[in-house]
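Participant: Here you go, input00.csv (CSV, C-alpha atoms):
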```csv
chain,number,residue,atom,x,y,z
A,1,MET,CA,16.0,112.6,54.0
A,2,ALA,CA,17.7,112.9,50.6
A,3,GLU,CA,20.1,115.7,50.1
A,4,THR,CA,18.9,118.5,47.9
A,5,LEU,CA,21.0,120.3,45.3
A,6,TYR,CA,21.2,123.3,47.7
A,7,ASP,CA,22.7,121.0,50.4
A,8,ASN,CA,25.3,119.7,47.9
A,9,ILE,CA,26.2,123.2,46.8
A,10,VAL,CA,26.7,124.2,50.5
A,11,LYS,CA,28.8,121.1,51.0
A,12,VAL,CA,31.1,122.0,48.1
A,13,VAL,CA,31.5,125.6,49.2
A,14,ALA,CA,32.0,124.6,52.8
A,15,TYR,CA,35.3,123.1,51.8
A,16,TYR,CA,36.4,126.6,51.0
A,17,LEU,CA,34.4,128.9,53.3
A,18,GLY,CA,33.8,126.6,56.3
A,19,PRO,CA,30.9,127.7,58.5
A,20,ALA,CA,30.4,130.8,56.4
A,21,ALA,CA,29.4,128.6,53.4
A,22,SER,CA,25.6,128.4,53.8
A,23,ARG,CA,25.4,132.2,54.4
A,24,PHE,CA,27.5,132.8,51.3
A,25,VAL,CA,25.4,130.4,49.1
A,26,ASP,CA,22.2,131.9,50.5
A,27,ARG,CA,23.3,135.4,49.6
A,28,GLN,CA,24.5,134.4,46.1
A,29,ILE,CA,21.1,132.7,45.3
A,30,THR,CA,18.9,135.4,46.7
A,31,PHE,CA,20.9,138.3,45.4
A,32,HIS,CA,21.7,137.0,41.9
A,33,LEU,CA,19.0,134.5,41.1
A,34,HIS,CA,16.2,136.3,43.0
A,35,LYS,CA,14.8,133.1,44.6
A,36,SER,CA,14.9,131.4,47.9
A,37,PRO,CA,17.9,129.1,48.5
A,38,GLN,CA,15.9,125.9,48.5
A,39,GLU,CA,14.4,126.7,45.1
A,40,VAL,CA,17.7,126.5,43.3
A,41,THR,CA,17.6,124.0,40.4
A,42,ALA,CA,20.2,122.3,38.1
A,43,GLU,CA,19.3,124.9,35.4
A,44,ASP,CA,20.6,127.7,37.8
A,45,LEU,CA,23.9,126.0,38.4
A,46,GLN,CA,25.8,127.5,35.5
A,47,GLY,CA,24.9,131.1,36.3
A,48,LEU,CA,25.3,130.6,40.0
A,49,THR,CA,28.8,129.1,39.5
A,50,GLU,CA,29.8,132.2,37.5
A,51,TRP,CA,28.6,134.5,40.2
A,52,MET,CA,30.4,132.4,42.8
A,53,ARG,CA,33.6,132.4,40.8
A,54,VAL,CA,33.5,136.2,40.7
A,55,SER,CA,32.7,136.5,44.5
A,56,LEU,CA,35.3,133.9,45.6
A,57,ALA,CA,37.9,135.8,43.5
A,58,LEU,CA,37.3,138.8,45.7
A,59,LEU,CA,38.2,136.7,48.8
A,60,THR,CA,41.3,135.0,47.6
A,61,ASP,CA,44.2,135.6,45.2
A,62,ASP,CA,44.5,131.9,44.6
A,63,ARG,CA,43.0,131.5,41.1
A,64,GLU,CA,43.4,127.7,41.3
A,65,THR,CA,41.3,127.4,44.4
A,66,VAL,CA,38.5,129.5,42.8
A,67,GLU,CA,38.6,127.4,39.6
A,68,GLU,CA,38.6,124.1,41.6
A,69,CYS,CA,35.5,125.2,43.5
A,70,ALA,CA,33.8,126.2,40.2
A,71,ARG,CA,34.6,122.9,38.6
A,72,LYS,CA,33.1,121.0,41.6
A,73,LEU,CA,30.0,123.1,41.5
A,74,ILE,CA,29.4,122.5,37.7
A,75,GLN,CA,29.8,118.7,38.3
A,76,LEU,CA,26.7,118.8,40.6
A,77,ALA,CA,24.5,119.4,37.5
B,1,MET,CA,11.5,133.2,64.3
B,2,THR,CA,13.6,136.3,64.3
B,3,ILE,CA,16.5,136.5,66.7
B,4,ARG,CA,17.2,139.8,68.3
B,5,ARG,CA,20.8,140.8,67.6
B,6,PRO,CA,22.7,142.6,70.3
B,7,ARG,CA,23.7,146.2,69.5
B,8,VAL,CA,27.1,147.9,69.7
B,9,TYR,CA,27.3,151.4,70.9
B,10,VAL,CA,30.6,152.3,69.2
B,11,GLY,CA,30.4,156.1,69.7
B,12,LEU,CA,29.5,155.7,73.4
B,13,ALA,CA,32.4,153.3,73.9
B,14,TYR,CA,35.0,155.6,72.4
B,15,GLY,CA,33.5,158.6,74.3
B,16,LEU,CA,33.7,156.7,77.6
B,17,LEU,CA,37.3,155.7,76.8
B,18,ALA,CA,38.2,159.4,76.0
B,19,VAL,CA,36.8,160.4,79.4
B,20,ALA,CA,38.7,157.6,81.1
B,21,SER,CA,41.9,158.7,79.4
B,22,LEU,CA,41.6,162.3,80.6
B,23,LEU,CA,40.9,161.0,84.2
B,24,TYR,CA,43.9,158.7,84.0
B,25,ILE,CA,46.2,161.5,82.8
B,26,GLY,CA,44.9,163.8,85.6
B,27,GLY,CA,45.0,161.1,88.2
B,28,THR,CA,48.5,160.1,87.4
B,29,LEU,CA,50.1,163.5,86.9
B,30,TYR,CA,48.6,165.1,89.9
B,31,ALA,CA,49.3,162.2,92.2
B,32,PRO,CA,51.6,162.7,95.2
B,33,ILE,CA,54.9,161.2,94.2
B,34,ALA,CA,56.5,160.5,97.5
B,35,THR,CA,56.2,156.7,97.2
B,36,ALA,CA,58.0,156.5,93.9
B,37,THR,CA,60.8,158.8,94.9
B,38,HIS,CA,61.3,156.8,98.1
B,39,THR,CA,61.5,153.5,96.3
B,40,TYR,CA,63.6,154.3,93.3
B,41,SER,CA,65.4,157.6,94.3
B,42,LEU,CA,63.9,159.7,91.5
B,43,SER,CA,63.4,163.4,91.5
B,44,PRO,CA,59.7,164.7,91.2
B,45,ARG,CA,60.4,166.0,87.6
B,46,ALA,CA,61.9,162.6,86.6
B,47,VAL,CA,58.9,160.9,88.0
B,48,HIS,CA,56.4,163.0,86.0
B,49,THR,CA,58.4,162.5,82.8
B,50,LEU,CA,58.5,158.8,83.5
B,51,GLU,CA,54.7,158.8,84.2
B,52,LEU,CA,54.0,160.5,80.8
B,53,THR,CA,56.1,158.0,78.9
B,54,ILE,CA,54.0,155.3,80.5
B,55,VAL,CA,50.6,157.0,80.5
B,56,LEU,CA,50.5,158.0,76.8
B,57,PRO,CA,51.4,154.6,75.3
B,58,ILE,CA,49.0,152.9,77.7
B,59,ILE,CA,46.2,155.2,76.4
B,60,ALA,CA,47.2,154.4,72.8
B,61,VAL,CA,47.0,150.7,73.7
B,62,TRP,CA,43.5,151.2,75.2
B,63,PHE,CA,42.2,152.7,72.0
B,64,THR,CA,43.9,150.0,69.9
B,65,ALA,CA,42.3,147.3,72.1
B,66,LEU,CA,38.9,148.9,71.9
B,67,TRP,CA,39.2,149.3,68.2
B,68,GLY,CA,40.1,145.6,67.7
B,69,SER,CA,37.5,144.4,70.2
B,70,LEU,CA,34.7,146.5,68.6
B,71,ARG,CA,35.6,145.3,65.1
B,72,PHE,CA,35.4,141.7,66.3
B,73,LYS,CA,32.1,142.4,68.1
B,74,ARG,CA,30.6,143.9,65.0
B,75,TYR,CA,31.6,140.9,62.9
B,76,ALA,CA,30.2,138.5,65.5
B,77,ILE,CA,26.9,140.4,65.6
B,78,SER,CA,26.7,140.3,61.8
B,79,ILE,CA,26.5,136.5,61.9
B,80,TYR,CA,24.7,136.3,65.3
B,81,GLU,CA,22.0,134.0,64.0
B,82,SER,CA,24.5,131.2,63.4
B,83,ALA,CA,26.1,128.9,66.0
B,84,ASP,CA,29.6,130.2,65.2
B,85,GLY,CA,28.2,133.8,65.5
B,86,LYS,CA,26.9,133.2,69.0
B,87,ALA,CA,30.2,131.6,70.2
B,88,LEU,CA,32.2,134.4,68.6
B,89,ASN,CA,29.9,137.0,70.2
B,90,THR,CA,30.5,135.5,73.6
B,91,LEU,CA,34.3,135.7,72.9
B,92,ALA,CA,33.9,139.3,71.8
B,93,ASN,CA,32.0,140.1,75.0
B,94,GLY,CA,34.9,138.5,77.0
B,95,LEU,CA,37.4,140.6,75.1
B,96,LEU,CA,35.4,143.8,75.7
B,97,THR,CA,35.2,142.9,79.4
B,98,LEU,CA,38.9,142.4,79.5
B,99,VAL,CA,39.6,145.8,77.8
B,100,SER,CA,37.1,147.6,80.1
B,101,GLY,CA,38.7,145.9,83.1
B,102,LEU,CA,42.2,147.0,82.0
B,103,VAL,CA,41.0,150.6,81.7
B,104,ALA,CA,39.1,150.5,85.0
B,105,THR,CA,42.0,148.9,87.0
B,106,SER,CA,44.5,151.4,85.5
B,107,LEU,CA,42.2,154.2,86.6
B,108,LEU,CA,41.9,152.8,90.1
B,109,GLN,CA,45.7,152.5,90.3
B,110,SER,CA,46.1,156.1,89.2
B,111,LEU,CA,44.2,157.1,92.3
B,112,ASN,CA,46.3,155.0,94.7
B,113,ALA,CA,48.7,157.7,95.8
B,114,HIS,CA,45.8,160.2,96.3
B,115,LEU,CA,43.9,157.9,98.5
B,116,ILE,CA,47.0,156.7,100.4
B,117,LYS,CA,47.7,160.4,101.2
B,118,LEU,CA,44.1,160.9,102.4
B,119,GLY,CA,44.4,158.0,104.8
B,120,TYR,CA,42.4,155.3,102.9
B,121,ALA,CA,45.5,153.2,102.0
B,122,LYS,CA,44.2,150.0,103.5
B,123,SER,CA,40.6,150.0,102.3
B,124,TRP,CA,41.5,151.4,98.9
B,125,THR,CA,44.3,148.8,98.3
B,126,ILE,CA,42.0,146.0,99.3
B,127,PHE,CA,39.2,147.3,97.1
B,128,SER,CA,41.3,147.8,94.0
B,129,ASN,CA,43.1,144.4,94.4
B,130,TYR,CA,39.7,142.6,94.7
B,131,PHE,CA,38.3,144.7,91.8
B,132,GLY,CA,41.2,143.4,89.6
B,133,VAL,CA,40.5,139.8,90.7
B,134,VAL,CA,36.8,140.0,90.0
B,135,VAL,CA,37.2,141.7,86.6
B,136,ALA,CA,39.8,139.1,85.5
B,137,LEU,CA,37.5,136.3,86.7
B,138,VAL,CA,34.5,137.6,84.8
B,139,ALA,CA,36.4,138.4,81.6
B,140,PHE,CA,38.2,135.0,81.4
B,141,ALA,CA,35.1,133.0,82.4
B,142,VAL,CA,33.3,134.6,79.4
B,143,ILE,CA,36.3,134.2,77.1
B,144,LEU,CA,36.6,130.5,78.1
B,145,ARG,CA,32.9,129.9,77.5
B,146,GLY,CA,33.1,131.5,74.1
B,147,ALA,CA,36.3,129.5,73.1
B,148,TYR,CA,34.7,126.3,74.5
B,149,ARG,CA,31.5,126.8,72.5
B,150,LEU,CA,33.5,127.7,69.3
B,151,ALA,CA,35.8,124.6,69.6
B,152,HIS,CA,32.8,122.3,70.1
B,153,LEU,CA,31.4,123.3,66.7
B,154,VAL,CA,34.2,121.2,65.1
B,155,GLU,CA,35.4,117.7,65.8
B,156,PHE,CA,38.8,117.5,67.3
B,157,PRO,CA,40.9,114.9,69.1
B,158,SER,CA,41.2,114.7,72.9
B,159,ILE,CA,42.8,117.8,74.6
B,160,GLU,CA,44.0,115.8,77.6
B,161,ARG,CA,47.7,116.2,76.7
B,162,SER,CA,47.3,119.9,76.2
B,163,ARG,CA,45.3,120.1,79.5
B,164,ILE,CA,48.2,118.4,81.3
B,165,ILE,CA,50.7,120.9,79.7
B,166,ALA,CA,48.4,123.8,80.8
B,167,LEU,CA,48.3,122.4,84.4
B,168,ALA,CA,52.1,122.1,84.4
B,169,LEU,CA,52.5,125.6,83.2
B,170,LEU,CA,50.0,126.8,85.8
B,171,ALA,CA,51.9,124.9,88.5
B,172,ILE,CA,55.1,126.7,87.5
B,173,MET,CA,53.3,130.1,87.4
B,174,GLY,CA,51.7,129.4,90.7
B,175,VAL,CA,54.9,128.4,92.5
B,176,ALA,CA,56.7,131.5,91.1
B,177,TYR,CA,53.7,133.7,92.2
B,178,VAL,CA,53.5,132.4,95.7
B,179,TRP,CA,57.3,132.4,96.1
B,180,LEU,CA,57.6,136.0,94.9
B,181,LEU,CA,54.7,137.0,97.1
B,182,ALA,CA,56.4,135.4,100.1
B,183,MET,CA,59.5,137.5,99.2
B,184,ASP,CA,57.5,140.7,99.3
B,185,PRO,CA,58.2,142.3,102.7
B,186,TYR,CA,55.5,144.9,102.3
B,187,ARG,CA,52.6,142.6,101.4
B,188,GLN,CA,50.9,143.1,104.8
B,189,THR,CA,52.4,146.1,106.4
B,190,THR,CA,55.3,148.6,106.0
B,191,PRO,CA,57.2,150.5,108.6
B,192,ASP,CA,56.9,153.7,106.5
B,193,PRO,CA,53.4,155.2,106.3
B,194,LEU,CA,54.1,156.7,102.9
B,195,GLN,CA,55.3,153.4,101.5
B,196,PHE,CA,52.7,151.4,99.5
B,197,THR,CA,51.7,148.2,101.0
B,198,SER,CA,50.7,145.5,98.5
B,199,TYR,CA,47.7,143.7,100.0
B,200,TYR,CA,46.9,144.5,103.7
B,201,LEU,CA,45.6,140.9,104.0
B,202,PRO,CA,46.7,138.0,106.2
B,203,ASP,CA,48.5,135.3,104.2
B,204,TRP,CA,45.6,132.8,104.4
B,205,LEU,CA,43.1,135.4,103.0
B,206,LEU,CA,45.6,136.5,100.4
B,207,LEU,CA,46.1,132.9,99.3
B,208,SER,CA,42.4,132.0,99.2
B,209,THR,CA,40.9,135.2,97.8
B,210,VAL,CA,43.6,136.6,95.6
B,211,VAL,CA,46.2,133.9,94.6
B,212,LEU,CA,43.7,131.1,94.1
B,213,PRO,CA,41.3,133.2,91.9
B,214,TYR,CA,44.2,134.4,89.8
B,215,LEU,CA,45.3,130.8,89.3
B,216,LEU,CA,41.8,130.0,88.1
B,217,VAL,CA,41.9,133.0,85.8
B,218,TRP,CA,45.2,131.9,84.3
B,219,TYR,CA,44.0,128.3,83.9
B,220,GLY,CA,40.9,129.6,82.2
B,221,GLY,CA,43.1,131.7,79.9
B,222,LEU,CA,45.4,128.7,79.0
B,223,MET,CA,42.3,126.5,78.3
B,224,ALA,CA,40.8,129.2,76.1
B,225,VAL,CA,44.0,129.3,74.1
B,226,ILE,CA,43.8,125.5,73.7
B,227,TYR,CA,40.2,125.6,72.5
B,228,LEU,CA,41.0,128.5,70.1
B,229,ARG,CA,43.9,126.5,68.7
B,230,ARG,CA,41.6,123.5,68.2
B,231,TYR,CA,39.0,125.6,66.4
B,232,GLN,CA,41.7,127.2,64.3
B,233,ASN,CA,43.2,123.8,63.3
B,234,TYR,CA,40.1,121.8,62.8
B,235,SER,CA,37.6,124.2,61.3
B,236,PRO,CA,36.9,123.6,57.6
B,237,GLY,CA,37.3,126.1,54.8
B,238,ILE,CA,40.5,126.9,53.0
B,239,ILE,CA,39.6,130.6,52.5
B,240,TYR,CA,37.8,130.9,55.8
B,241,HIS,CA,40.8,129.4,57.6
B,242,ALA,CA,43.2,132.0,56.3
B,243,ALA,CA,41.1,134.8,57.7
B,244,LEU,CA,40.4,132.9,60.9
B,245,LYS,CA,44.1,132.4,61.6
B,246,ARG,CA,44.8,136.1,62.1
B,247,LEU,CA,41.8,136.5,64.5
B,248,SER,CA,42.7,133.4,66.4
B,249,TRP,CA,46.4,134.3,66.8
B,250,GLY,CA,45.3,137.8,67.8
B,251,LEU,CA,43.0,136.4,70.5
B,252,MET,CA,45.7,134.1,71.8
B,253,ALA,CA,48.2,136.9,71.9
B,254,VAL,CA,45.8,139.0,73.9
B,255,ILE,CA,45.0,136.2,76.3
B,256,VAL,CA,48.6,135.2,76.9
B,257,ALA,CA,49.8,138.8,77.3
B,258,SER,CA,46.9,139.6,79.7
B,259,VAL,CA,47.8,136.6,81.8
B,260,LEU,CA,51.5,137.6,81.9
B,261,ILE,CA,50.7,141.2,82.6
B,262,GLN,CA,48.5,140.1,85.5
B,263,LEU,CA,51.3,137.9,86.8
B,264,VAL,CA,53.9,140.7,86.5
B,265,VAL,CA,51.6,143.3,88.2
B,266,ALA,CA,50.8,140.8,90.9
B,267,ILE,CA,54.4,140.0,91.7
B,268,GLY,CA,55.6,143.5,90.9
B,269,PRO,CA,56.3,144.6,94.5
B,270,SER,CA,58.5,141.5,94.9
B,271,LEU,CA,60.6,142.4,91.9
B,272,HIS,CA,62.3,145.6,93.4
B,273,HIS,CA,65.7,143.9,93.1
B,274,ALA,CA,65.2,143.4,89.3
B,275,GLY,CA,65.3,147.2,88.9
B,276,LEU,CA,62.6,149.6,87.7
B,277,GLY,CA,64.0,149.7,84.1
B,278,ASN,CA,63.8,145.9,83.7
B,279,ILE,CA,60.3,145.7,85.1
B,280,LEU,CA,59.1,148.5,82.8
B,281,LEU,CA,60.8,146.9,79.8
B,282,LEU,CA,59.1,143.6,80.6
B,283,LEU,CA,55.7,145.4,81.0
B,284,TYR,CA,56.2,147.4,77.8
B,285,GLY,CA,57.0,144.2,75.9
B,286,LEU,CA,53.9,142.5,77.1
B,287,ILE,CA,51.7,145.6,76.4
B,288,ILE,CA,53.1,145.7,72.9
B,289,ILE,CA,52.2,142.0,72.4
B,290,TYR,CA,48.7,142.8,73.8
B,291,ALA,CA,48.3,145.7,71.4
B,292,ILE,CA,49.6,143.6,68.4
B,293,GLY,CA,47.1,140.9,69.4
B,294,HIS,CA,44.2,143.4,69.2
B,295,VAL,CA,45.5,144.6,65.8
B,296,LEU,CA,45.5,141.0,64.5
B,297,VAL,CA,42.0,140.5,66.0
B,298,ALA,CA,40.8,143.6,64.0
B,299,ILE,CA,42.5,142.5,60.8
B,300,GLY,CA,41.1,138.9,61.1
B,301,ALA,CA,37.6,140.2,61.9
B,302,ARG,CA,37.7,142.5,58.8
B,303,LYS,CA,38.8,139.6,56.6
B,304,LEU,CA,36.0,137.3,58.0
B,305,ALA,CA,33.5,140.1,57.7
B,306,LYS,CA,34.4,140.4,54.0
B,307,ILE,CA,33.4,136.8,53.5
B,308,GLU,CA,30.0,137.7,55.0
B,309,GLN,CA,29.6,140.8,52.9
B,310,VAL,CA,30.6,139.7,49.4
B,311,GLN,CA,27.6,139.2,47.0
```
Here is the file; what I need is its structure written in the form of structure tokens.
Facilitator:
Amino acid sequence: MAETLYDNIVKVVAYYLGPAASRFVDRQITFHLHKSPQEVTAEDLQGLTEWMRVSLALLTDDRETVEECARKLIQLA
Amino acid sequence: MTIRRPRVYVGLAYGLLAVASLLYIGGTLYAPIATATHTYSLSPRAVHTLELTIVLPIIAVWFTALWGSLRFKRYAISIYESADGKALNTLANGLLTLVSGLVATSLLQSLNAHLIKLGYAKSWTIFSNYFGVVVALVAFAVILRGAYRLAHLVEFPSIERSRIIALALLAIMGVAYVWLLAMDPYRQTTPDPLQFTSYYLPDWLLLSTVVLPYLLVWYGGLMAVIYLRRYQNYSPGIIYHAALKRLSWGLMAVIVASVLIQLVVAIGPSLHHAGLGNILLLLYGLIIIYAIGHVLVAIGARKLAKIEQVQ
């Protein structure tokens, strides 16, 4: 089965949040985009990336890591 | 399908620990002190003072251990639907069993002198020794199961070399344990009815039902540490990893300190020649490592929980 955008987002975030990635992504999509995780589209990516940048900054002081993750997410569009 | 999450009764746990602490203080301070004065030539007043300096820090360690374990348990339950949540919950259950076992065995030990005076020395000693063995077996079996399940969520290279090192360590601990037990002149009987006898068991029964289970417990502890190290080293996630490290180191410190405390307590009667001060110093050191381990568990669990809470 082909990978969805959601799968790719989780894959990118998993590099930073490991097994917590899918739960983190699910929360970001449902809380900020008000849709179910599988319904996320390329149009949502910019906004979602901004929210994730803010949330990841709360978890680490390493700005470079946060920016690197945001860059990778934007490239999924 | 909704998965039913386990519940944590935090208030009840702290309440029970408070009751246990009061019983422990009472049981220790009102205990007949003839045994201790015979062994170490201490006055009754000195014995009570010494008891307080041991009892109060031990109670502080109990509360620290419960705090760390409950924090870990709450984090594990918050992600219970996931595979790592289930494995972590099993580990948390093992840790809580270990803490409960530590409190229960200390309570039983505080009653030793009372029951010896009442004439139940033999049955009480046998019961409390076996209680310690059973609790340790259950706690470490659960911890090992949790660590095994956690490690198998990630891919890691063979652990054969680590297993051989664990077996070598176990062999050293086993030889030291048996040798020091053999040196204990009071392991079966004593000429003095007021003197504490360590086991009241024939050697073959002591070896098969106390020594062997403890060796299994320690092997389980060492293997749990190996699996936790594997999960720590091979789990993905740069940010997750940093938080996991504290939890993992904390768990490893608790396991290693528990194993060493069990070893020192088991061979304690054979260490008379080392002097009371040295034995206490060693136990204090291990108990401090045990407490620090629980603090690390709590800090790690808090950091991991933050990952699950941020929106």
Participant: As a PyMOL selection string, please: the residues near Pro37 (chain A) (cut-off 12 Å, all atoms listed in the file, same-chain neighbours under 2 positions excluded).
Facilitator: chain A and resi 4-10+22-35+39-41+44+48
Participant: I'd like the contact shell of Lys306 (chain B) - 9 Å cut-off, all atoms listed in the file, skipping same-chain residues fewer than 4 positions apart - returned as an mmCIF file with C-alpha atoms, in the frame of the given file.
Facilitator:
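Written out: part.cif:
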```cif
data_model
loop_
_atom_site.group_PDB
_atom_site.id
_atom_site.type_symbol
_atom_site.label_atom_id
_atom_site.label_comp_id
_atom_site.auth_asym_id
_atom_site.auth_seq_id
_atom_site.Cartn_x
_atom_site.Cartn_y
_atom_site.Cartn_z
ATOM 1 C CA LEU A 58 37.300 138.800 45.700
ATOM 2 C CA LEU A 59 38.200 136.700 48.800
ATOM 3 C CA ALA B 301 37.600 140.200 61.900
ATOM 4 C CA ARG B 302 37.700 142.500 58.800
ATOM 5 C CA VAL B 310 30.600 139.700 49.400
#
```
Participant: Could you please select, counting only C-alpha atoms, the residues of chain B within 10 Å of chain A and state them as a list in words?
Facilitator: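 Going by the stated atoms only, the list reads Ile79, Ser82, Ala83, Asp84, Gly85, Leu153, Val154, Ser235, Pro236, Gly237, Ile238, Ile239, Tyr240, His241, Ala242, Ala243, Lys303, Leu304, Ala305, Lys306, Ile307, Glu308, Gln309, Val310 and Gln311 of chain B.
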Participant: One decimal, in Å: what's the spacing between CA of Leu52 (chain B) and CA of Ile289 (chain B)?
Facilitator: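 CA of Ile289 (chain B) lies 20.4 Å from CA of Leu52 (chain B).
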Participant: Go ahead and compute the interatomic distance for CA of Val103 (chain B) and CA of Phe63 (chain B), in Å to one decimal.
Facilitator: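 That distance, rounded to one decimal, is 10.0 Å.
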Participant: Can you tell me how far CA of Thr28 (chain B) sits from CA of Thr105 (chain B), in Å to one decimal?
Facilitator: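 We find that CA of Thr28 (chain B) and CA of Thr105 (chain B) lie 13.0 Å from each other.
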Participant: With distances taken over all atoms listed in the file, which residue among A:Cys69, A:Ala2, A:Ala77, A:Val12 lies nearest Leu45 (chain A)?
Facilitator: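 Ranking A:Cys69, A:Ala2, A:Ala77, A:Val12 by distance to Leu45 (chain A), first place goes to A:Ala77.
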Participant: Around (47.3, 135.1, 103.8) in the file's frame, which residues reach within 12 Å when counting all atoms listed in the file? Return as a PDB file with C-alpha atoms, in the coordinates of the input?
Facilitator:
```pdb
ATOM      1  CA  VAL B 178      53.500 132.400  95.700  1.00  0.00           C
ATOM      2  CA  LEU B 181      54.700 137.000  97.100  1.00  0.00           C
ATOM      3  CA  ALA B 182      56.400 135.400 100.100  1.00  0.00           C
ATOM      4  CA  ARG B 187      52.600 142.600 101.400  1.00  0.00           C
ATOM      5  CA  GLN B 188      50.900 143.100 104.800  1.00  0.00           C
ATOM      6  CA  TYR B 199      47.700 143.700 100.000  1.00  0.00           C
ATOM      7  CA  TYR B 200      46.900 144.500 103.700  1.00  0.00           C
ATOM      8  CA  LEU B 201      45.600 140.900 104.000  1.00  0.00           C
ATOM      9  CA  PRO B 202      46.700 138.000 106.200  1.00  0.00           C
ATOM     10  CA  ASP B 203      48.500 135.300 104.200  1.00  0.00           C
ATOM     11  CA  TRP B 204      45.600 132.800 104.400  1.00  0.00           C
ATOM     12  CA  LEU B 205      43.100 135.400 103.000  1.00  0.00           C
ATOM     13  CA  LEU B 206      45.600 136.500 100.400  1.00  0.00           C
ATOM     14  CA  LEU B 207      46.100 132.900  99.300  1.00  0.00           C
ATOM     15  CA  SER B 208      42.400 132.000  99.200  1.00  0.00           C
ATOM     16  CA  THR B 209      40.900 135.200  97.800  1.00  0.00           C
ATOM     17  CA  VAL B 210      43.600 136.600  95.600  1.00  0.00           C
ATOM     18  CA  VAL B 211      46.200 133.900  94.600  1.00  0.00           C
ATOM     19  CA  LEU B 212      43.700 131.100  94.100  1.00  0.00           C
TER      20      LEU B 212
END
```
Participant: Kindly reconstruct region 285-301 of chain B with N, CA and C atoms and present the result as a short mmCIF file (atom, residue, chain, number, x, y, z; two decimals), in the frame of the given file.
Facilitator:
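The new file part.cif reads:
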```
data_model
loop_
_atom_site.label_atom_id
_atom_site.label_comp_id
_atom_site.auth_asym_id
_atom_site.auth_seq_id
_atom_site.Cartn_x
_atom_site.Cartn_y
_atom_site.Cartn_z
N GLY B 285 57.03 145.32 76.84
CA GLY B 285 57.00 144.20 75.90
C GLY B 285 55.69 143.50 75.86
N LEU B 286 55.15 143.22 77.05
CA LEU B 286 53.90 142.50 77.10
C LEU B 286 52.73 143.39 76.60
N ILE B 287 52.80 144.69 76.91
CA ILE B 287 51.70 145.60 76.40
C ILE B 287 51.78 145.69 74.90
N ILE B 288 53.00 145.66 74.33
CA ILE B 288 53.10 145.70 72.90
C ILE B 288 52.51 144.42 72.26
N ILE B 289 52.79 143.27 72.88
CA ILE B 289 52.20 142.00 72.40
C ILE B 289 50.67 142.08 72.50
N TYR B 290 50.19 142.63 73.62
CA TYR B 290 48.70 142.80 73.80
C TYR B 290 48.13 143.66 72.72
N ALA B 291 48.82 144.78 72.40
CA ALA B 291 48.30 145.70 71.40
C ALA B 291 48.34 145.01 69.98
N ILE B 292 49.46 144.32 69.69
CA ILE B 292 49.60 143.60 68.40
C ILE B 292 48.46 142.57 68.29
N GLY B 293 48.17 141.91 69.41
CA GLY B 293 47.10 140.90 69.40
C GLY B 293 45.77 141.55 69.00
N HIS B 294 45.48 142.73 69.53
CA HIS B 294 44.20 143.40 69.20
C HIS B 294 44.22 143.84 67.71
N VAL B 295 45.40 144.24 67.18
CA VAL B 295 45.50 144.60 65.80
C VAL B 295 45.17 143.39 64.90
N LEU B 296 45.74 142.24 65.28
CA LEU B 296 45.50 141.00 64.50
C LEU B 296 44.00 140.63 64.62
N VAL B 297 43.41 140.82 65.79
CA VAL B 297 42.00 140.50 66.00
C VAL B 297 41.17 141.41 64.97
N ALA B 298 41.53 142.69 64.90
CA ALA B 298 40.80 143.60 64.00
C ALA B 298 40.99 143.20 62.54
N ILE B 299 42.23 142.85 62.15
CA ILE B 299 42.50 142.50 60.80
C ILE B 299 41.73 141.17 60.42
N GLY B 300 41.81 140.20 61.34
CA GLY B 300 41.10 138.90 61.10
C GLY B 300 39.61 139.14 61.03
N ALA B 301 39.07 139.96 61.92
CA ALA B 301 37.60 140.20 61.90
C ALA B 301 37.21 140.91 60.61
#
```
